[in-house]
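> Below is one structure. I have some questions about it.
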Amino acid sequence: MSAIMEIINATRGNCACGVKHETTIKDIRIGSGLVHQVGAILKENGFPKSILLVADQNTLKAADGILESLEGFAVELHIYDNLRVADMIHVAELEEKIKGREVAILSVGTGSVNDPCRLAAARQNKMLCIFASAPSMDGFASYSSPLVEKGFKASYPAKSPEVIIGDTKILANAPVALKSAGFGDMVSKYVALIDWQVSTLITGEYYCEKVAALTRQAIDELMVLADKVTENDEETAGKIFEALLKTGIGMSYTQNSRPASGAEHIISHVIECKELIDGIIPNYHGDDVGVCTLETLKFYDALAQRAQIDTRYEDVDWDAVYRFYGPMAQDVRKLNEPENIIDLVDPKKLKESWDQIRKIIRSVPSCEECKTAMKKAGCKITVADISKNEAFFRECMYYSPFMRKRMTLLRMRYMII
Ligand SMILES: [Zn+2]
Ligand SMILES: [Zn+2]
């Protein structure tokens with residue numbers, strides 16, 4: 001059994017947090033030259049003879065040799081040209097192809113190729129294998145699929161794949177920009193862990209120490225590899241991939257993205273949604289998320305400088321919020337009315353807990369430490385690096401907390417004086 005499967009199994013089952021952690025993941029293989037063994041691995045895991053292979057031109061090319069490895073299977077190809085934005089339409093197309101048949105999906109790629117597959121396989125109750133083409137984001141093992149529907153991007157509960165394969169030769173050979181983006185997505189876990197712990201402290205939100213520890217371990221392991229990220233090095237690529245899987249598994253254990261996504265992912269999501277309206281193709285997920293992480297950490301670090309705070313009830317100009325969201329306003333309104341998550345925060349408790357909140361912020365590396373590591377890893381660092389106008393970025397950051405029913409320290413900022 002692979003080391004990563006042992007880690008998964010150690011956290012699987014009944015947990016002290018009160019939840020039974022389950023995942024559909026049966027097998028994870030990480031190794032050199034695995035592209036030639038895909039068919040054999042599927043067979044071992046009881047996949048049916050008919051396979052729908054989903055990829056785009058780039059990912060299929062990266063996985064050279066995969067078709068030969070599937071000898072003996074009836075393989076049908078579903079190849080996109082260059083899929084950068086995964087849409088509900090793609091899910092419907094896939095569902096149409098697999099409905100009522102004894103067939104499994106083999107998804108060759110990263111986020112935008114895998115996400116429609118994850119939901120189509122879940123809805124039609126089919127087995128799913130993900131063959132990773134680049135270590136570019138942490139969604140491989142995850143349970144949910146971020147997808148666009150009628151221009152609005154949201155996360156849909158789907159399923160984790162039964163089998164995940166990472167060929168270290170292919171992962172190491174992936175474009176440097178994708179590997180750096182994967183690193184940026186991982187650094188965000190520090191903000192996610194701050195937000196999760198602060199919310200648990202203030203609102204009593206569910207928390208699992210084991211899952212938080214798994215996430216923390218994954219990012220800490222990766223931080224020390226920062227200067228090797230851009231190299232074509234199989235061992236490093238394998239480790240990055242393993243770290244990305246660990247946080248994905250954490251998400252599948254809590255059945256939400258809480259352990260791996262905090263205020264920074266929400267900011268990046270708002271940017272992406274605003275750009276979708278304007279027809280702009282988004283950057284790599286990890287590029288935007290990485291910069292949002294640094295900006296959030298900078299804000300949190302500054303908060304932690306304050307020995308004491310005063311608090312008040314939230315006083316938000318809702319007209320300005322809905323004006324900012326424009327065509328999305330109706331959806332955003334539903335997230336804030338009639339119940340508003342901020343009602344869970346007692347200003348008195350927030351003030352009294354300030355010492356503990358400062359400790360939580362300081363339990364992770366500072367913005368400067370993360371920036372240094374990200375520079376080494378070739379990541380985008382500044383708002384200008386991700387081609388955003390500074391004023392637009394600030395606005396997205398300011399209004400982002402209303403876009404999601406998720407408590408973050410950034411959301412509590414309006415109560416802090
Ligand atoms: Zn637990
Ligand atoms: Zn992410």
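FYI, nothing fancy with the structure tokens labels: chains A, B, ... in order, residues from 1 per chain, ligands from 1 as they appear.
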Quick one: residues within 9 Å of Val383 in chain A, only C-alpha atoms counted, chain neighbours fewer than 4 positions away excluded, as number ranges by chain?

A: 288, 291-292, 295, 387-390, 393

> Using the selection just defined, write its residues with N, CA and C atoms as a PDB file, in the first residue's frame.


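Wrote it out as selection.pdb, contents follow:
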ATOM      1  N   ASP A 288      -4.086  33.213  -8.760  1.00  0.00           N
ATOM      2  CA  ASP A 288      -4.955  34.190  -8.078  1.00  0.00           C
ATOM      3  C   ASP A 288      -5.019  33.893  -6.584  1.00  0.00           C
ATOM      4  N   VAL A 291      -1.869  35.028  -4.586  1.00  0.00           N
ATOM      5  CA  VAL A 291      -1.793  36.470  -4.315  1.00  0.00           C
ATOM      6  C   VAL A 291      -2.851  36.864  -3.272  1.00  0.00           C
ATOM      7  N   CYS A 292      -4.033  36.295  -3.390  1.00  0.00           N
ATOM      8  CA  CYS A 292      -5.084  36.578  -2.389  1.00  0.00           C
ATOM      9  C   CYS A 292      -4.634  36.116  -1.004  1.00  0.00           C
ATOM     10  N   GLU A 295      -2.227  38.753   0.413  1.00  0.00           N
ATOM     11  CA  GLU A 295      -2.954  39.973   0.802  1.00  0.00           C
ATOM     12  C   GLU A 295      -3.762  39.739   2.083  1.00  0.00           C
ATOM     13  N   SER A 387      -2.225  40.509 -13.101  1.00  0.00           N
ATOM     14  CA  SER A 387      -2.867  41.431 -14.054  1.00  0.00           C
ATOM     15  C   SER A 387      -4.206  41.987 -13.569  1.00  0.00           C
ATOM     16  N   LYS A 388      -4.200  42.386 -12.288  1.00  0.00           N
ATOM     17  CA  LYS A 388      -5.420  43.021 -11.786  1.00  0.00           C
ATOM     18  C   LYS A 388      -5.116  44.476 -11.458  1.00  0.00           C
ATOM     19  N   ASN A 389      -6.111  45.280 -11.693  1.00  0.00           N
ATOM     20  CA  ASN A 389      -6.050  46.664 -11.291  1.00  0.00           C
ATOM     21  C   ASN A 389      -6.171  46.720  -9.764  1.00  0.00           C
ATOM     22  N   GLU A 390      -5.313  47.525  -9.133  1.00  0.00           N
ATOM     23  CA  GLU A 390      -5.252  47.576  -7.671  1.00  0.00           C
ATOM     24  C   GLU A 390      -6.623  47.924  -7.043  1.00  0.00           C
ATOM     25  N   PHE A 393      -8.995  45.032  -7.295  1.00  0.00           N
ATOM     26  CA  PHE A 393      -8.638  43.980  -6.337  1.00  0.00           C
ATOM     27  C   PHE A 393      -9.105  44.342  -4.930  1.00  0.00           C
TER      28      PHE A 393
END

> Neighbouring residues of range 315-326 of chain A were defined as those with any atom within 9 Å, considering only C-alpha atoms; residues of the same chain fewer than 2 positions away were excluded. Please report them as a list in words.

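Surrounding residues, per the criterion: Val270, Lys274, Arg312, Tyr313, Met328, Ala329, Gln330, Val332, Arg333, Glu395, Cys396, Tyr399, Phe402, Met403, Tyr414 and Met415 of chain A.
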
> With N, CA and C atoms retained, could you export that selection as a PDB file, in the first residue's frame?


ATOM      1  N   VAL A 270     -14.544  35.662  -6.071  1.00  0.00           N
ATOM      2  CA  VAL A 270     -15.240  36.895  -6.467  1.00  0.00           C
ATOM      3  C   VAL A 270     -14.582  37.474  -7.728  1.00  0.00           C
ATOM      4  N   LYS A 274     -16.520  38.011 -11.261  1.00  0.00           N
ATOM      5  CA  LYS A 274     -16.599  39.335 -11.880  1.00  0.00           C
ATOM      6  C   LYS A 274     -16.015  39.275 -13.297  1.00  0.00           C
ATOM      7  N   ARG A 312     -17.922  46.114  17.736  1.00  0.00           N
ATOM      8  CA  ARG A 312     -19.291  46.642  17.641  1.00  0.00           C
ATOM      9  C   ARG A 312     -20.081  45.669  16.759  1.00  0.00           C
ATOM     10  N   TYR A 313     -21.393  45.856  16.698  1.00  0.00           N
ATOM     11  CA  TYR A 313     -22.173  45.049  15.768  1.00  0.00           C
ATOM     12  C   TYR A 313     -21.859  45.469  14.344  1.00  0.00           C
ATOM     13  N   MET A 328     -25.012  39.509  -9.993  1.00  0.00           N
ATOM     14  CA  MET A 328     -24.952  38.410  -9.018  1.00  0.00           C
ATOM     15  C   MET A 328     -25.675  38.756  -7.720  1.00  0.00           C
ATOM     16  N   ALA A 329     -26.167  40.000  -7.648  1.00  0.00           N
ATOM     17  CA  ALA A 329     -26.699  40.504  -6.378  1.00  0.00           C
ATOM     18  C   ALA A 329     -27.769  39.604  -5.767  1.00  0.00           C
ATOM     19  N   GLN A 330     -28.641  39.067  -6.652  1.00  0.00           N
ATOM     20  CA  GLN A 330     -29.733  38.245  -6.129  1.00  0.00           C
ATOM     21  C   GLN A 330     -29.208  36.990  -5.425  1.00  0.00           C
ATOM     22  N   VAL A 332     -26.234  36.676  -4.126  1.00  0.00           N
ATOM     23  CA  VAL A 332     -25.497  37.085  -2.931  1.00  0.00           C
ATOM     24  C   VAL A 332     -26.479  37.436  -1.803  1.00  0.00           C
ATOM     25  N   ARG A 333     -27.612  38.037  -2.190  1.00  0.00           N
ATOM     26  CA  ARG A 333     -28.629  38.388  -1.196  1.00  0.00           C
ATOM     27  C   ARG A 333     -29.110  37.143  -0.441  1.00  0.00           C
ATOM     28  N   GLU A 395     -11.472  46.272  -4.013  1.00  0.00           N
ATOM     29  CA  GLU A 395     -12.934  46.213  -3.940  1.00  0.00           C
ATOM     30  C   GLU A 395     -13.396  44.763  -3.787  1.00  0.00           C
ATOM     31  N   CYS A 396     -12.796  43.870  -4.578  1.00  0.00           N
ATOM     32  CA  CYS A 396     -13.155  42.456  -4.496  1.00  0.00           C
ATOM     33  C   CYS A 396     -12.853  41.916  -3.101  1.00  0.00           C
ATOM     34  N   TYR A 399     -15.487  43.349  -0.498  1.00  0.00           N
ATOM     35  CA  TYR A 399     -16.858  42.827  -0.562  1.00  0.00           C
ATOM     36  C   TYR A 399     -16.917  41.294  -0.566  1.00  0.00           C
ATOM     37  N   PHE A 402     -19.139  38.615   1.748  1.00  0.00           N
ATOM     38  CA  PHE A 402     -20.598  38.457   1.636  1.00  0.00           C
ATOM     39  C   PHE A 402     -20.991  37.442   0.572  1.00  0.00           C
ATOM     40  N   MET A 403     -19.999  36.914  -0.108  1.00  0.00           N
ATOM     41  CA  MET A 403     -20.225  36.023  -1.243  1.00  0.00           C
ATOM     42  C   MET A 403     -20.397  34.579  -0.808  1.00  0.00           C
ATOM     43  N   TYR A 414     -15.478  43.914   9.933  1.00  0.00           N
ATOM     44  CA  TYR A 414     -16.428  45.039  10.036  1.00  0.00           C
ATOM     45  C   TYR A 414     -16.920  45.241  11.471  1.00  0.00           C
ATOM     46  N   MET A 415     -16.562  44.277  12.332  1.00  0.00           N
ATOM     47  CA  MET A 415     -16.960  44.403  13.736  1.00  0.00           C
ATOM     48  C   MET A 415     -15.811  44.910  14.598  1.00  0.00           C
TER      49      MET A 415
END

> Which residue out of A:Val148, A:Met88, A:Ala304, A:Ala192 has the minimum interatomic distance to Met251 in chain A when only C-alpha atoms are used?

A:Ala192

> I'd like a table as a Markdown table: residues in chain A with an atom no more than 8 Å from ligand 2, each row giving the shortest atom pair and its distance in Å to one decimal, only C-alpha atoms and all ligand atoms counted, sorted by chain and rising residue number.


| residue | atom | partner | partner_atom_place_in_ligand_line | distance |
| --- | --- | --- | --- | --- |
| A:Met137 | CA | ligand 2 | 1 (Zn) | 6.0 |
| A:Asp138 | CA | ligand 2 | 1 (Zn) | 6.0 |
| A:Gly139 | CA | ligand 2 | 1 (Zn) | 7.1 |
| A:Asp185 | CA | ligand 2 | 1 (Zn) | 5.0 |
| A:Met186 | CA | ligand 2 | 1 (Zn) | 7.4 |
| A:Ser188 | CA | ligand 2 | 1 (Zn) | 7.6 |
| A:Ala260 | CA | ligand 2 | 1 (Zn) | 7.3 |
| A:Ser261 | CA | ligand 2 | 1 (Zn) | 6.6 |
| A:His265 | CA | ligand 2 | 1 (Zn) | 6.5 |
| A:His285 | CA | ligand 2 | 1 (Zn) | 6.5 |
| A:Gly286 | CA | ligand 2 | 1 (Zn) | 6.2 |
| A:Val289 | CA | ligand 2 | 1 (Zn) | 6.7 |

> Between A:Pro135, A:Pro401, A:Gly250, A:Gly204, which is the closest to ligand 1 once you count only C-alpha atoms and all ligand atoms?

A:Gly250

> Taking only C-alpha atoms and all ligand atoms into account, report as a list in words which residues have an atom no farther than 6 Å from an atom of ligand 1.

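Those within range of ligand 1 are Cys15, Ala16, Cys17, Val19, Cys208 and Lys210 of chain A.
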
> Give the answer as one residue: which of A:Asn14, A:Gln308, A:Thr372, A:Ser353 has the shortest atom-to-atom distance to Leu201 in chain A, using only C-alpha atoms?

A:Ser353

> So, counting only C-alpha atoms, which residue among A:Glu272, A:Asp56, A:Glu93, A:Asp343 is closest to Ile386 in chain A?

A:Glu272

> Work out how far CA of Asn125 in chain A is from CA of Phe152 in chain A, in Å to one decimal.

25.5 Å

> Using DSSP secondary structure from the backbone, list all strand (DSSP E or B) positions within range 137-230 of chain A, as number ranges by chain.

A: 144-149, 152-157, 163-167

> Please produce a file of those selected residues containing C-alpha atoms, as a CSV table (one decimal), in the first residue's frame.


chain,number,residue,atom,x,y,z
A,144,SER,CA,-16.8,18.7,-4.7
A,145,SER,CA,-16.7,20.3,-8.1
A,146,PRO,CA,-16.5,24.0,-8.7
A,147,LEU,CA,-18.5,24.6,-11.9
A,148,VAL,CA,-20.1,27.5,-13.8
A,149,GLU,CA,-23.8,27.5,-14.4
A,152,PHE,CA,-22.4,31.9,-11.9
A,153,LYS,CA,-19.6,29.8,-10.4
A,154,ALA,CA,-20.5,27.6,-7.4
A,155,SER,CA,-19.2,24.4,-5.7
A,156,TYR,CA,-21.3,21.3,-6.2
A,157,PRO,CA,-21.1,18.2,-4.0
A,163,VAL,CA,-8.5,5.8,-8.2
A,164,ILE,CA,-5.9,8.6,-8.5
A,165,ILE,CA,-2.7,8.2,-10.5
A,166,GLY,CA,0.2,10.5,-10.7
A,167,ASP,CA,3.1,9.7,-13.0

> Here is a test: counting only C-alpha atoms, which residue of A:Lys359, A:Arg258, A:His90, A:Arg411 is nearest to Leu344 in chain A?

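Looking only at the distances to Leu344 in chain A, the closest residue turns out to be A:Arg411.
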
> To test your reading of the structure, identify every residue in range 54-218 of chain A that backbone DSSP assigns to helix (DSSP H, G or I), and report it as number ranges by chain.

A: 57-62, 66-69, 88-98, 111-123, 168-173, 176-187, 189-203, 209-218
